[in-house]
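Colleague: Quick one: the structure is below, and I'll ask about it shortly.
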Amino acid sequence: MPTALLRAIPKVDLLLGRAEAAPDLAAAPRVHLLTAVRRALDELRRDILAGRLKDVPGPDDLLAVVRLRLAEETAPSLRPVVNATGVVLHTNLGRSILGEAVAARVAEVAASYSNLEYDLRTGERGSRQAHVESLLTRLTGGAAALAVNNNAAALLLIMAAVCGGREVIVSRGELVEIGDSFRLPEILAQGGVTLREVGATNRTTLEDYAKAIWPERSGCLLKVHPSNFRLIGYTGQPTVAELASLAGPLGLPLICDVGSGALGLKMPGEPDLAEVLGAGADLVCFSGDKLLGGPQAGLVVGRADLVARLKAHPLARALRLDKLCLAALEATLRLHLDPDRAGRDIPTLAMLKAEAGELRARAESLRTALAAAAPTLDLAVVEAEGQAGGGAAPEYPLKSWAVALAHPRLSAERLEAALRRGETPVLGRIHRERLLLDPRTIRPDQFPLLAGAVAALESLTGGE
Ligand SMILES: *Cc1c(COP(=O)(O)O)cnc(C)c1O
């Protein structure tokens, strides 16, 4: 039994006293220091009980553990990472990033009172939607618009306010899971509608929709972008215009969830918003942080009477957008008014538009910076494939160039983990036993930071 060892564990107060006496720890807030000390001692106890330790470490070694735990304790949980994966709309890494000017608008609005719901002309209560509605209608050609928390919220609200209690007619080929267990049918059901599935997984005809329509029972026709799922081979779905020609005369709203929502951005397989509305969709909904390149939001554009119903529904209050997102959304939409500026100043668009030649040059300069920082690593510029991500155009990889990293002794997995766990985490992609860093999604001002992270790999040993 390790009783003697357990007894030799210092008391909390003793170790805390030593920590407070250490010059670099003295200034740490006591509450964090105490937690760090307790965690260090708990670990020690566990290691002894598990037979992993033969001796109680000396005071210096214990203080080293306290320092590590203190750093964890005080570090923010949500923090910036370097996205070197080449996936532009990486959902786990926060999808779109905001450009400098847009981020500055957010900071400005965050630190000040604002006219969020106040009409400065009349001195009366205003609508928070006023800041984005006319921009959205100008950009898409829709008659009215509404912004809510995200696209899932937009769908939920549409179902509840426009189709509530009735049947939603939707193709079996479009009832997809969008990722992270977000299944479309389950969200729709929460809107109080009944799903009326039509067609087969691979083919649905206009006739299938027509046969499912019943007066009094049908609430709407819904067309959903299949996100990162694709049907190939013997397939078929009616177009938006064909569905509109069926739904229109019967007075049934045609709802289109286009997912990413390309605005003046030509991407294969991604419907243009203005075209979908022009083809006769009554309401179109899409995400704010995918191809639009803005903050998290769900945007709805289309018929004014239907949008009015969305605004009046009690759920609209529960799903409303907060002022920081609104500030970012307004600034992003303003950039979209000028497509050239949008392509330059909206990072998502600039990353998607970056040409292979330019990326090769950026990969070369990244390689040079990394080689200077870490001369023993094997670094090469190689052809690579990036992705739009976010369910957009999944079958079209983006031609890219990346820096491939290899270490004389360590595996690519070990390099990947070390960069991921660094002070500023760097996330790369393993391909053929090398770690790829794709400059498409790395801001050039992050190159020095990346060089520092890669320099630290030089001193790694095989352990862990
Ligand atoms: C991404 C996506 C959603 C969900 O959008 P969020 O903004 O993440 O809620 C819904 N529908 C489609 C087709 C999508 O691609």
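The chains in the structure tokens are called A, B, ... from first to last as shown; in each chain the residues are counted from 1, and the ligands are counted from 1 in the order shown.
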Which residues sit within 7 Å of ligand 1, counting only C-alpha atoms and all ligand atoms, listed as JSON, numbers by chain?
Modeller: {"A": [150, 151, 152, 153, 178, 224, 225, 226, 227, 257, 258, 259, 260, 286, 287, 288, 289, 296, 297, 298, 390, 391]}
Colleague: Keeping N, CA, C and O atoms for every residue in the selection just given, could you write it to a file as a short mmCIF file (atom, residue, chain, number, x, y, z; two decimals), in the first residue's frame?
Modeller:
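Result file is out19.cif:
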data_model
loop_
_atom_site.label_atom_id
_atom_site.label_comp_id
_atom_site.auth_asym_id
_atom_site.auth_seq_id
_atom_site.Cartn_x
_atom_site.Cartn_y
_atom_site.Cartn_z
N ASN A 150 -30.33 31.67 -36.67
CA ASN A 150 -29.58 30.87 -37.66
C ASN A 150 -30.60 30.26 -38.64
O ASN A 150 -31.81 30.49 -38.50
N ASN A 151 -30.09 29.52 -39.60
CA ASN A 151 -31.00 29.02 -40.63
C ASN A 151 -31.96 27.97 -40.08
O ASN A 151 -33.11 27.87 -40.52
N ALA A 152 -31.51 27.20 -39.10
CA ALA A 152 -32.40 26.23 -38.47
C ALA A 152 -33.57 26.96 -37.81
O ALA A 152 -34.73 26.53 -37.89
N ALA A 153 -33.27 28.08 -37.18
CA ALA A 153 -34.31 28.90 -36.54
C ALA A 153 -35.26 29.47 -37.60
O ALA A 153 -36.48 29.54 -37.39
N ILE A 178 -27.87 17.45 -41.72
CA ILE A 178 -26.97 18.48 -42.22
C ILE A 178 -25.62 18.45 -41.51
O ILE A 178 -24.67 19.05 -41.95
N VAL A 224 -35.42 21.72 -50.30
CA VAL A 224 -34.25 21.86 -49.42
C VAL A 224 -32.97 21.56 -50.19
O VAL A 224 -32.88 20.54 -50.87
N HIS A 225 -32.00 22.45 -50.06
CA HIS A 225 -30.67 22.18 -50.63
C HIS A 225 -30.09 20.98 -49.87
O HIS A 225 -30.09 20.96 -48.64
N PRO A 226 -29.57 19.99 -50.59
CA PRO A 226 -29.13 18.77 -49.87
C PRO A 226 -27.82 18.92 -49.12
O PRO A 226 -27.25 17.93 -48.68
N SER A 227 -27.32 20.15 -48.94
CA SER A 227 -26.10 20.38 -48.16
C SER A 227 -24.96 19.54 -48.72
O SER A 227 -24.79 19.48 -49.93
N ASP A 257 -35.21 26.25 -48.79
CA ASP A 257 -34.05 26.36 -47.89
C ASP A 257 -32.83 26.12 -48.77
O ASP A 257 -32.56 24.99 -49.17
N VAL A 258 -32.12 27.22 -49.11
CA VAL A 258 -30.98 27.06 -50.02
C VAL A 258 -29.67 26.83 -49.27
O VAL A 258 -28.62 26.73 -49.89
N GLY A 259 -29.73 26.75 -47.96
CA GLY A 259 -28.53 26.38 -47.17
C GLY A 259 -27.51 27.50 -47.12
O GLY A 259 -27.55 28.35 -46.24
N SER A 260 -26.60 27.50 -48.08
CA SER A 260 -25.48 28.43 -48.03
C SER A 260 -25.83 29.84 -48.48
O SER A 260 -25.30 30.81 -47.97
N PHE A 286 -31.64 31.05 -45.68
CA PHE A 286 -30.24 30.65 -45.80
C PHE A 286 -29.46 31.13 -44.58
O PHE A 286 -29.95 31.94 -43.79
N SER A 287 -28.22 30.65 -44.47
CA SER A 287 -27.38 30.97 -43.31
C SER A 287 -26.63 32.28 -43.54
O SER A 287 -26.27 32.61 -44.66
N GLY A 288 -26.32 32.99 -42.45
CA GLY A 288 -25.53 34.21 -42.55
C GLY A 288 -24.04 33.94 -42.58
O GLY A 288 -23.26 34.75 -43.09
N ASP A 289 -23.61 32.80 -42.04
CA ASP A 289 -22.16 32.58 -41.88
C ASP A 289 -21.59 31.54 -42.84
O ASP A 289 -20.50 31.03 -42.63
N GLN A 296 -23.15 34.39 -37.60
CA GLN A 296 -24.21 33.40 -37.51
C GLN A 296 -25.55 34.12 -37.59
O GLN A 296 -25.81 35.08 -36.87
N ALA A 297 -26.40 33.67 -38.50
CA ALA A 297 -27.73 34.27 -38.64
C ALA A 297 -28.53 33.38 -39.58
O ALA A 297 -27.97 32.59 -40.32
N GLY A 298 -29.84 33.52 -39.51
CA GLY A 298 -30.72 32.85 -40.47
C GLY A 298 -31.50 33.95 -41.17
O GLY A 298 -32.10 34.80 -40.51
N GLY A 390 -19.16 23.87 -45.11
CA GLY A 390 -20.50 24.38 -44.82
C GLY A 390 -21.58 23.80 -45.71
O GLY A 390 -22.62 24.41 -45.91
N GLY A 391 -21.31 22.64 -46.29
CA GLY A 391 -22.32 22.01 -47.14
C GLY A 391 -22.38 22.59 -48.53
O GLY A 391 -23.23 22.22 -49.33
#
Colleague: Need to verify the contact set: Asp438 in chain A, 10 Å, only C-alpha atoms, exclusion of same-chain residues closer than 5 positions in sequence. Can you return it as a list in words?
Modeller: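 Listed by chain and then number, they are Asn83, Ala84, Thr85, Gly86, Val87, Leu359, Arg360, Arg362, Ala363, Leu366, Val381, Val382, Glu383, Ala384, Glu385, Gly386, Ser400, Trp401, Ala402, Val403, Ala404, Leu427, Gly428 and Arg429 of chain A.
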Colleague: Selected residues, N, CA, C and O atoms, written as a tab-separated table (two decimals), in the first residue's frame, please.
Modeller:
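Okay, out06.tsv is ready:
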chain	number	residue	atom	x	y	z
A	83	ASN	N	-6.60	28.33	-38.70
A	83	ASN	CA	-7.21	27.30	-39.55
A	83	ASN	C	-6.29	27.06	-40.74
A	83	ASN	O	-6.27	27.84	-41.68
A	84	ALA	N	-5.52	25.98	-40.68
A	84	ALA	CA	-4.62	25.65	-41.79
A	84	ALA	C	-5.16	24.44	-42.56
A	84	ALA	O	-4.43	23.78	-43.29
A	85	THR	N	-6.45	24.15	-42.39
A	85	THR	CA	-7.03	22.96	-43.03
A	85	THR	C	-7.38	23.19	-44.49
A	85	THR	O	-7.56	22.23	-45.23
A	86	GLY	N	-7.54	24.45	-44.90
A	86	GLY	CA	-7.98	24.70	-46.27
A	86	GLY	C	-9.48	24.58	-46.45
A	86	GLY	O	-9.99	24.78	-47.55
A	87	VAL	N	-10.20	24.25	-45.37
A	87	VAL	CA	-11.67	24.20	-45.43
A	87	VAL	C	-12.18	25.58	-44.99
A	87	VAL	O	-12.00	25.97	-43.84
A	359	LEU	N	-2.03	31.16	-54.47
A	359	LEU	CA	-1.86	30.32	-53.28
A	359	LEU	C	-0.48	29.64	-53.28
A	359	LEU	O	0.11	29.44	-52.23
A	360	ARG	N	0.00	29.33	-54.49
A	360	ARG	CA	1.32	28.72	-54.58
A	360	ARG	C	2.38	29.70	-54.08
A	360	ARG	O	3.29	29.34	-53.32
A	362	ARG	N	1.88	32.11	-51.99
A	362	ARG	CA	1.74	32.26	-50.54
A	362	ARG	C	2.33	31.06	-49.81
A	362	ARG	O	2.94	31.19	-48.75
A	363	ALA	N	2.13	29.85	-50.40
A	363	ALA	CA	2.70	28.64	-49.79
A	363	ALA	C	4.23	28.73	-49.79
A	363	ALA	O	4.88	28.35	-48.81
A	366	LEU	N	5.25	31.06	-47.04
A	366	LEU	CA	5.06	30.39	-45.76
A	366	LEU	C	6.19	29.39	-45.52
A	366	LEU	O	6.75	29.31	-44.42
A	381	VAL	N	6.56	22.47	-50.73
A	381	VAL	CA	5.31	23.04	-51.23
A	381	VAL	C	4.68	22.01	-52.18
A	381	VAL	O	5.33	21.57	-53.13
A	382	VAL	N	3.46	21.62	-51.87
A	382	VAL	CA	2.82	20.55	-52.65
A	382	VAL	C	1.42	20.97	-53.10
A	382	VAL	O	0.81	21.85	-52.50
A	383	GLU	N	0.93	20.32	-54.14
A	383	GLU	CA	-0.43	20.58	-54.57
A	383	GLU	C	-1.39	20.01	-53.55
A	383	GLU	O	-1.13	18.97	-52.95
A	384	ALA	N	-2.49	20.71	-53.33
A	384	ALA	CA	-3.44	20.24	-52.32
A	384	ALA	C	-4.86	20.58	-52.76
A	384	ALA	O	-5.05	21.29	-53.75
A	385	GLU	N	-5.82	20.06	-52.01
A	385	GLU	CA	-7.20	20.36	-52.31
A	385	GLU	C	-7.87	21.02	-51.11
A	385	GLU	O	-7.89	20.46	-50.02
A	386	GLY	N	-8.40	22.21	-51.32
A	386	GLY	CA	-9.18	22.85	-50.27
A	386	GLY	C	-10.64	22.56	-50.50
A	386	GLY	O	-11.02	21.90	-51.48
A	400	SER	N	-5.44	24.02	-54.71
A	400	SER	CA	-4.67	24.76	-53.74
A	400	SER	C	-3.22	24.28	-53.72
A	400	SER	O	-2.89	23.28	-54.34
A	401	TRP	N	-2.39	25.03	-53.02
A	401	TRP	CA	-1.02	24.62	-52.74
A	401	TRP	C	-0.80	24.75	-51.24
A	401	TRP	O	-1.28	25.69	-50.63
A	402	ALA	N	-0.08	23.79	-50.68
A	402	ALA	CA	0.11	23.80	-49.23
A	402	ALA	C	1.57	23.52	-48.89
A	402	ALA	O	2.32	23.03	-49.74
A	403	VAL	N	1.94	23.82	-47.65
A	403	VAL	CA	3.25	23.42	-47.16
A	403	VAL	C	3.09	22.08	-46.46
A	403	VAL	O	2.24	21.94	-45.57
A	404	ALA	N	3.87	21.08	-46.91
A	404	ALA	CA	3.84	19.76	-46.28
A	404	ALA	C	5.00	19.65	-45.30
A	404	ALA	O	6.14	19.94	-45.65
A	427	LEU	N	-4.41	24.21	-36.64
A	427	LEU	CA	-5.06	22.98	-37.10
A	427	LEU	C	-4.73	22.74	-38.56
A	427	LEU	O	-5.10	23.53	-39.43
A	428	GLY	N	-4.01	21.66	-38.80
A	428	GLY	CA	-3.64	21.29	-40.17
A	428	GLY	C	-4.39	20.04	-40.58
A	428	GLY	O	-5.37	19.64	-39.96
A	429	ARG	N	-3.89	19.43	-41.66
A	429	ARG	CA	-4.59	18.26	-42.20
A	429	ARG	C	-3.52	17.24	-42.59
A	429	ARG	O	-2.51	17.59	-43.21
Colleague: Considering only C-alpha atoms, state which residue in the set A:Ala392, A:Ala145, A:Leu326, A:Val88 is at the smallest distance from Pro268 in chain A.
Modeller: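 Distance minimum relative to Pro268 in chain A lands on A:Ala392.
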Colleague: I'd like to know which of A:Ala406, A:Ala154, A:Leu419, A:Val82 is closest to Leu310 in chain A, using only C-alpha atoms.
Modeller: A:Ala154
Colleague: Mind checking DSSP for range 54-211 of chain A and telling me the helix (DSSP H, G or I) residues as a PyMOL selection string?
Modeller: chain A and resi 59-74+91-93+100-110+130-140+151-162+172-174+184-190+206-211
Colleague: Just want the 9 Å neighbourhood of range 97-100 of chain A, counted on only C-alpha atoms, with same-chain residues fewer than 4 positions away dropped. Output as a ChimeraX atom specification.
Modeller: /A:89,104-105,289,293-295,328,332,345-348
Colleague: Generate the output file for the selected residues, all heavy atoms, as a PDB file, in the first residue's frame.
Modeller:
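result_17.pdb, freshly written:
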ATOM      1  N   LEU A  89     -15.296  27.143 -44.841  1.00  0.00           N
ATOM      2  CA  LEU A  89     -16.428  27.243 -43.912  1.00  0.00           C
ATOM      3  C   LEU A  89     -16.414  26.030 -42.994  1.00  0.00           C
ATOM      4  O   LEU A  89     -17.205  25.110 -43.152  1.00  0.00           O
ATOM      5  CB  LEU A  89     -17.740  27.312 -44.692  1.00  0.00           C
ATOM      6  CG  LEU A  89     -17.854  28.517 -45.618  1.00  0.00           C
ATOM      7  CD1 LEU A  89     -19.063  28.386 -46.524  1.00  0.00           C
ATOM      8  CD2 LEU A  89     -17.938  29.791 -44.801  1.00  0.00           C
ATOM      9  N   ALA A 104     -14.634  45.613 -36.466  1.00  0.00           N
ATOM     10  CA  ALA A 104     -14.546  46.902 -35.754  1.00  0.00           C
ATOM     11  C   ALA A 104     -15.947  47.464 -35.482  1.00  0.00           C
ATOM     12  O   ALA A 104     -16.199  48.047 -34.424  1.00  0.00           O
ATOM     13  CB  ALA A 104     -13.725  47.901 -36.565  1.00  0.00           C
ATOM     14  N   ARG A 105     -16.860  47.282 -36.433  1.00  0.00           N
ATOM     15  CA  ARG A 105     -18.242  47.726 -36.225  1.00  0.00           C
ATOM     16  C   ARG A 105     -18.851  46.996 -35.019  1.00  0.00           C
ATOM     17  O   ARG A 105     -19.554  47.586 -34.210  1.00  0.00           O
ATOM     18  CB  ARG A 105     -19.110  47.439 -37.454  1.00  0.00           C
ATOM     19  CG  ARG A 105     -18.826  48.275 -38.662  1.00  0.00           C
ATOM     20  CD  ARG A 105     -19.295  49.700 -38.485  1.00  0.00           C
ATOM     21  NE  ARG A 105     -20.688  49.741 -38.069  1.00  0.00           N
ATOM     22  CZ  ARG A 105     -21.210  50.665 -37.271  1.00  0.00           C
ATOM     23  NH1 ARG A 105     -20.454  51.616 -36.801  1.00  0.00           N
ATOM     24  NH2 ARG A 105     -22.481  50.627 -36.963  1.00  0.00           N
ATOM     25  N   ASP A 289     -23.606  32.800 -42.044  1.00  0.00           N
ATOM     26  CA  ASP A 289     -22.163  32.580 -41.879  1.00  0.00           C
ATOM     27  C   ASP A 289     -21.587  31.541 -42.835  1.00  0.00           C
ATOM     28  O   ASP A 289     -20.499  31.030 -42.631  1.00  0.00           O
ATOM     29  CB  ASP A 289     -21.850  32.203 -40.419  1.00  0.00           C
ATOM     30  CG  ASP A 289     -22.679  31.023 -39.918  1.00  0.00           C
ATOM     31  OD1 ASP A 289     -23.507  30.504 -40.689  1.00  0.00           O
ATOM     32  OD2 ASP A 289     -22.496  30.640 -38.751  1.00  0.00           O
ATOM     33  N   GLY A 293     -20.679  34.973 -45.816  1.00  0.00           N
ATOM     34  CA  GLY A 293     -19.453  35.455 -45.177  1.00  0.00           C
ATOM     35  C   GLY A 293     -19.675  36.360 -43.986  1.00  0.00           C
ATOM     36  O   GLY A 293     -18.800  37.140 -43.614  1.00  0.00           O
ATOM     37  N   GLY A 294     -20.842  36.272 -43.355  1.00  0.00           N
ATOM     38  CA  GLY A 294     -21.154  37.143 -42.222  1.00  0.00           C
ATOM     39  C   GLY A 294     -21.189  36.381 -40.910  1.00  0.00           C
ATOM     40  O   GLY A 294     -20.590  35.316 -40.764  1.00  0.00           O
ATOM     41  N   PRO A 295     -21.907  36.939 -39.922  1.00  0.00           N
ATOM     42  CA  PRO A 295     -22.013  36.281 -38.618  1.00  0.00           C
ATOM     43  C   PRO A 295     -23.060  35.166 -38.659  1.00  0.00           C
ATOM     44  O   PRO A 295     -23.803  35.057 -39.650  1.00  0.00           O
ATOM     45  CB  PRO A 295     -22.523  37.411 -37.728  1.00  0.00           C
ATOM     46  CG  PRO A 295     -23.397  38.201 -38.654  1.00  0.00           C
ATOM     47  CD  PRO A 295     -22.711  38.167 -39.998  1.00  0.00           C
ATOM     48  N   ALA A 328     -22.692  43.018 -37.224  1.00  0.00           N
ATOM     49  CA  ALA A 328     -21.836  42.321 -38.192  1.00  0.00           C
ATOM     50  C   ALA A 328     -22.590  42.048 -39.486  1.00  0.00           C
ATOM     51  O   ALA A 328     -22.041  42.166 -40.587  1.00  0.00           O
ATOM     52  CB  ALA A 328     -21.335  41.007 -37.584  1.00  0.00           C
ATOM     53  N   THR A 332     -21.645  43.449 -43.172  1.00  0.00           N
ATOM     54  CA  THR A 332     -21.348  42.476 -44.234  1.00  0.00           C
ATOM     55  C   THR A 332     -22.236  42.721 -45.446  1.00  0.00           C
ATOM     56  O   THR A 332     -21.771  42.700 -46.592  1.00  0.00           O
ATOM     57  CB  THR A 332     -21.561  41.038 -43.708  1.00  0.00           C
ATOM     58  OG1 THR A 332     -20.751  40.843 -42.549  1.00  0.00           O
ATOM     59  CG2 THR A 332     -21.180  39.998 -44.752  1.00  0.00           C
ATOM     60  N   ASP A 345     -12.950  42.253 -49.275  1.00  0.00           N
ATOM     61  CA  ASP A 345     -13.011  42.549 -47.837  1.00  0.00           C
ATOM     62  C   ASP A 345     -13.812  41.545 -47.014  1.00  0.00           C
ATOM     63  O   ASP A 345     -13.831  41.633 -45.787  1.00  0.00           O
ATOM     64  CB  ASP A 345     -13.594  43.958 -47.621  1.00  0.00           C
ATOM     65  CG  ASP A 345     -12.666  45.039 -48.162  1.00  0.00           C
ATOM     66  OD1 ASP A 345     -11.514  44.698 -48.483  1.00  0.00           O
ATOM     67  OD2 ASP A 345     -13.094  46.202 -48.255  1.00  0.00           O
ATOM     68  N   ILE A 346     -14.518  40.628 -47.673  1.00  0.00           N
ATOM     69  CA  ILE A 346     -15.198  39.574 -46.923  1.00  0.00           C
ATOM     70  C   ILE A 346     -14.281  38.349 -46.982  1.00  0.00           C
ATOM     71  O   ILE A 346     -14.102  37.758 -48.047  1.00  0.00           O
ATOM     72  CB  ILE A 346     -16.588  39.274 -47.511  1.00  0.00           C
ATOM     73  CG1 ILE A 346     -17.471  40.526 -47.388  1.00  0.00           C
ATOM     74  CG2 ILE A 346     -17.239  38.087 -46.814  1.00  0.00           C
ATOM     75  CD1 ILE A 346     -18.863  40.378 -47.970  1.00  0.00           C
ATOM     76  N   PRO A 347     -13.661  37.994 -45.855  1.00  0.00           N
ATOM     77  CA  PRO A 347     -12.636  36.944 -45.896  1.00  0.00           C
ATOM     78  C   PRO A 347     -13.114  35.646 -46.563  1.00  0.00           C
ATOM     79  O   PRO A 347     -12.370  35.042 -47.346  1.00  0.00           O
ATOM     80  CB  PRO A 347     -12.290  36.723 -44.425  1.00  0.00           C
ATOM     81  CG  PRO A 347     -12.600  38.033 -43.773  1.00  0.00           C
ATOM     82  CD  PRO A 347     -13.791  38.583 -44.511  1.00  0.00           C
ATOM     83  N   THR A 348     -14.344  35.224 -46.275  1.00  0.00           N
ATOM     84  CA  THR A 348     -14.834  33.976 -46.873  1.00  0.00           C
ATOM     85  C   THR A 348     -14.787  34.053 -48.404  1.00  0.00           C
ATOM     86  O   THR A 348     -14.340  33.108 -49.070  1.00  0.00           O
ATOM     87  CB  THR A 348     -16.280  33.700 -46.403  1.00  0.00           C
ATOM     88  OG1 THR A 348     -16.236  33.439 -45.006  1.00  0.00           O
ATOM     89  CG2 THR A 348     -16.887  32.504 -47.107  1.00  0.00           C
TER      90      THR A 348
END
Colleague: I want to know what sits within 8 Å of range 269-276 of chain A, based on only C-alpha atoms, with residues of the same chain fewer than 4 positions away left out; could you give that as a ChimeraX atom specification?
Modeller: /A:139-142,240,256,258,260-265,280-281,284,392-393
Colleague: Can you pull out the residues contacting Ala304 in chain A? Cut-off 12 Å, using only C-alpha atoms, and skip same-chain residues under 4 positions away; I want them as a short mmCIF file (atom, residue, chain, number, x, y, z; two decimals) with all heavy atoms, in the first residue's frame.
Modeller:
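Saved as result.cif:
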data_model
loop_
_atom_site.label_atom_id
_atom_site.label_comp_id
_atom_site.auth_asym_id
_atom_site.auth_seq_id
_atom_site.Cartn_x
_atom_site.Cartn_y
_atom_site.Cartn_z
N GLU A 133 -33.13 44.92 -43.10
CA GLU A 133 -34.16 44.48 -44.04
C GLU A 133 -34.00 45.06 -45.44
O GLU A 133 -34.04 44.34 -46.43
CB GLU A 133 -35.58 44.77 -43.50
CG GLU A 133 -36.64 44.30 -44.49
CD GLU A 133 -38.04 44.20 -43.90
OE1 GLU A 133 -38.26 44.67 -42.78
OE2 GLU A 133 -38.90 43.63 -44.60
N THR A 137 -33.36 43.09 -49.03
CA THR A 137 -34.27 43.12 -50.17
C THR A 137 -33.56 43.68 -51.40
O THR A 137 -33.74 43.18 -52.50
CB THR A 137 -35.54 43.93 -49.86
OG1 THR A 137 -35.17 45.23 -49.41
CG2 THR A 137 -36.39 43.26 -48.81
N GLY A 141 -33.61 41.05 -54.23
CA GLY A 141 -34.81 41.27 -55.04
C GLY A 141 -36.08 40.79 -54.35
O GLY A 141 -37.16 40.85 -54.93
N GLY A 142 -35.97 40.30 -53.12
CA GLY A 142 -37.16 39.89 -52.37
C GLY A 142 -37.94 41.12 -51.92
O GLY A 142 -37.38 42.21 -51.81
N ALA A 143 -39.25 40.95 -51.67
CA ALA A 143 -40.08 42.09 -51.29
C ALA A 143 -39.87 42.48 -49.83
O ALA A 143 -39.95 43.65 -49.47
CB ALA A 143 -41.55 41.78 -51.55
N ALA A 144 -39.60 41.50 -48.98
CA ALA A 144 -39.41 41.75 -47.55
C ALA A 144 -38.39 40.75 -47.02
O ALA A 144 -38.07 39.76 -47.68
CB ALA A 144 -40.74 41.61 -46.81
N ALA A 145 -37.88 41.03 -45.81
CA ALA A 145 -36.85 40.15 -45.27
C ALA A 145 -36.86 40.16 -43.75
O ALA A 145 -37.39 41.09 -43.12
CB ALA A 145 -35.47 40.58 -45.78
N LEU A 146 -36.28 39.13 -43.18
CA LEU A 146 -36.20 38.99 -41.72
C LEU A 146 -34.91 38.24 -41.39
O LEU A 146 -34.52 37.32 -42.11
CB LEU A 146 -37.41 38.18 -41.24
CG LEU A 146 -37.51 37.86 -39.77
CD1 LEU A 146 -37.99 39.10 -39.00
CD2 LEU A 146 -38.49 36.72 -39.53
N ASP A 282 -41.62 31.58 -52.81
CA ASP A 282 -42.31 32.60 -52.01
C ASP A 282 -41.46 33.05 -50.84
O ASP A 282 -41.49 34.21 -50.44
CB ASP A 282 -43.64 32.04 -51.51
CG ASP A 282 -44.60 31.78 -52.67
OD1 ASP A 282 -44.96 32.75 -53.35
OD2 ASP A 282 -44.93 30.60 -52.92
N LEU A 283 -40.72 32.12 -50.24
CA LEU A 283 -39.77 32.46 -49.18
C LEU A 283 -38.50 31.67 -49.42
O LEU A 283 -38.55 30.47 -49.76
CB LEU A 283 -40.32 32.09 -47.79
CG LEU A 283 -41.42 32.95 -47.18
CD1 LEU A 283 -41.80 32.38 -45.81
CD2 LEU A 283 -41.00 34.41 -47.04
N VAL A 300 -34.30 35.27 -44.04
CA VAL A 300 -35.46 34.89 -44.83
C VAL A 300 -35.80 36.06 -45.74
O VAL A 300 -35.90 37.20 -45.27
CB VAL A 300 -36.69 34.60 -43.93
CG1 VAL A 300 -37.83 34.01 -44.77
CG2 VAL A 300 -36.32 33.67 -42.80
N ALA A 308 -44.42 39.17 -42.96
CA ALA A 308 -45.17 39.83 -41.88
C ALA A 308 -45.69 38.79 -40.89
O ALA A 308 -45.69 39.02 -39.67
CB ALA A 308 -46.33 40.63 -42.48
N ARG A 309 -46.09 37.63 -41.41
CA ARG A 309 -46.55 36.58 -40.49
C ARG A 309 -45.40 36.06 -39.63
O ARG A 309 -45.59 35.74 -38.44
CB ARG A 309 -47.19 35.43 -41.29
CG ARG A 309 -48.68 35.68 -41.51
CD ARG A 309 -49.21 34.90 -42.66
NE ARG A 309 -49.37 33.47 -42.37
CZ ARG A 309 -49.81 32.60 -43.27
NH1 ARG A 309 -50.13 33.00 -44.50
NH2 ARG A 309 -49.95 31.34 -42.94
N LEU A 310 -44.21 35.96 -40.23
CA LEU A 310 -43.05 35.51 -39.45
C LEU A 310 -42.76 36.51 -38.32
O LEU A 310 -42.52 36.12 -37.18
CB LEU A 310 -41.81 35.40 -40.33
CG LEU A 310 -41.86 34.45 -41.53
CD1 LEU A 310 -40.50 34.45 -42.23
CD2 LEU A 310 -42.21 33.03 -41.09
N LYS A 311 -42.79 37.80 -38.67
CA LYS A 311 -42.45 38.83 -37.68
C LYS A 311 -43.46 38.84 -36.53
O LYS A 311 -43.10 39.15 -35.39
CB LYS A 311 -42.47 40.21 -38.34
CG LYS A 311 -41.28 40.46 -39.26
CD LYS A 311 -41.38 41.84 -39.89
CE LYS A 311 -40.20 42.13 -40.79
NZ LYS A 311 -40.41 43.35 -41.60
#
Colleague: Applying 9 Å and only C-alpha atoms, which residues near Val81 in chain A remain after dropping the ones on its own chain fewer than 5 positions away? List them as a PyMOL selection string.
Modeller: chain A and resi 93+420+424-427
Colleague: Can you work out which one of A:Glu330, A:Glu242, A:Glu177, A:Asp305 has the shortest atom-to-atom distance to Glu207 in chain A, counting only C-alpha atoms?
Modeller: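 Among A:Glu330, A:Glu242, A:Glu177, A:Asp305, it is A:Glu242 that comes nearest to Glu207 in chain A.
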Colleague: If we count only C-alpha atoms and set the cut-off at 10 Å, which residues sit around Ala318 in chain A, ignoring sequence neighbours fewer than 2 positions away in its own chain? Please answer as a PyMOL selection string.
Modeller: chain A and resi 148-149+153+157+313-316+320-321
Colleague: I need the strand (DSSP E or B) residues of range 71-190 of chain A per DSSP on the backbone, written as a PyMOL selection string.
Modeller: chain A and resi 82-83+87-89+118-119+124-125+144-148+167-171+177+183
Colleague: Find the distance between CA of Ile169 in chain A and CA of Pro394 in chain A and write it in Å to one decimal.
Modeller: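 Rounded to one decimal, the two atoms are 26.0 Å apart.
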Colleague: My list of candidates is A:Arg7, A:Arg79, A:Arg217, A:His32. Which is closest to Ile48 in chain A when distances are computed with only C-alpha atoms?
Modeller: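 Using only C-alpha atoms, the shortest distance to Ile48 in chain A belongs to A:Arg7.
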Colleague: Between A:Gly94, A:Asp60, A:Ala147, A:Ser112, which has the minimum distance to Leu135 in chain A (counting only C-alpha atoms)?
Modeller: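 Answer, going by the shortest atom-to-atom distance: A:Ala147.
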